[in-house]
Amino acid sequence: MTSLLLTTAVVASLCYEPANDVHAIQLEKHELGTEFVSARENEKKHCISVKASQLNAAKKLAAKDPEMFELKHK
């Protein structure tokens, strides 16, 4: 039952694309941004699962640079 609740809570994924990281957004200042600091340092693509409670924060971060972040609804 617990795993079912966890899977239903995930509503989207937010992916970081280092090749498009040209605006030097200060990730640490954004909710969910800290999830991508290591990916930026290592220049690696990274995706996180976004729960319903995090969706607004994910939308705001993706809107800062839509080429660097891709928000995919599930």
# chains A, B, ... in the order shown; residues from 1 in each chain; ligands from 1
>>> select_by_dssp(residues="chain A", states="helix (DSSP H, G or I)", output="PyMOL selection string")
chain A and resi 2-9+18-20+27-29+33-42+52-64
>>> residues_around(residues="segment 27-34 of chain A", least_positions_apart="3", cutoff="8 Å", atoms="only C-alpha atoms", output="list in words")
Val37, Ala57, Ala58 and Leu61 of chain A
>>> write_last_selection(atoms="all heavy atoms", output="CSV table (one decimal), in the first residue's frame")
chain,number,residue,atom,x,y,z
A,37,VAL,N,22.4,21.1,-8.2
A,37,VAL,CA,23.7,21.7,-8.1
A,37,VAL,C,24.8,20.7,-8.4
A,37,VAL,O,25.7,21.0,-9.2
A,37,VAL,CB,23.9,22.2,-6.6
A,37,VAL,CG1,25.3,22.6,-6.4
A,37,VAL,CG2,22.9,23.3,-6.4
A,57,ALA,N,6.6,24.7,-7.4
A,57,ALA,CA,8.1,25.0,-7.3
A,57,ALA,C,8.7,24.6,-8.6
A,57,ALA,O,9.6,25.3,-9.1
A,57,ALA,CB,8.7,24.4,-6.1
A,58,ALA,N,8.4,23.4,-9.1
A,58,ALA,CA,9.0,22.9,-10.3
A,58,ALA,C,8.6,23.8,-11.5
A,58,ALA,O,9.4,24.0,-12.4
A,58,ALA,CB,8.5,21.4,-10.5
A,61,LEU,N,10.7,27.0,-11.4
A,61,LEU,CA,12.1,26.7,-11.8
A,61,LEU,C,12.2,26.5,-13.3
A,61,LEU,O,13.1,27.1,-13.9
A,61,LEU,CB,12.7,25.5,-11.0
A,61,LEU,CG,14.2,25.3,-11.2
A,61,LEU,CD1,15.0,26.5,-10.8
A,61,LEU,CD2,14.6,24.1,-10.3
>>> closest_residue(among="A:Ser38, A:Asn20, A:Gln54, A:Ser49", to="Glu67 of chain A", atoms="only C-alpha atoms")
A:Asn20
>>> residues_around(residues="Ala52 of chain A", least_positions_apart="4", cutoff="7 Å", atoms="only C-alpha atoms", output="list in words")
Ala9, Val10 and Val11 of chain A
>>> atom_distance(atom1="atom CA of His23 of chain A", atom2="atom CA of Ser53 of chain A")
27.0 Å
>>> atom_distance(atom1="atom CA of Ser13 of chain A", atom2="atom CA of Lys51 of chain A")
8.6 Å
>>> residues_around(residues="Leu14 of chain A", least_positions_apart="6", cutoff="7 Å", atoms="only C-alpha atoms", output="PyMOL selection string")
chain A and resi 47-50+58+69-72
>>> atom_distance(atom1="atom CA of Tyr16 of chain A", atom2="atom CA of Pro66 of chain A")
9.8 Å
>>> select_by_dssp(residues="chain A", states="strand (DSSP E)", output="ChimeraX atom specification")
/A:10-16,46-51,69-73
>>> closest_residue(among="A:Ala12, A:Leu55, A:Ala63, A:Glu17", to="Asn42 of chain A", atoms="only C-alpha atoms")
A:Glu17
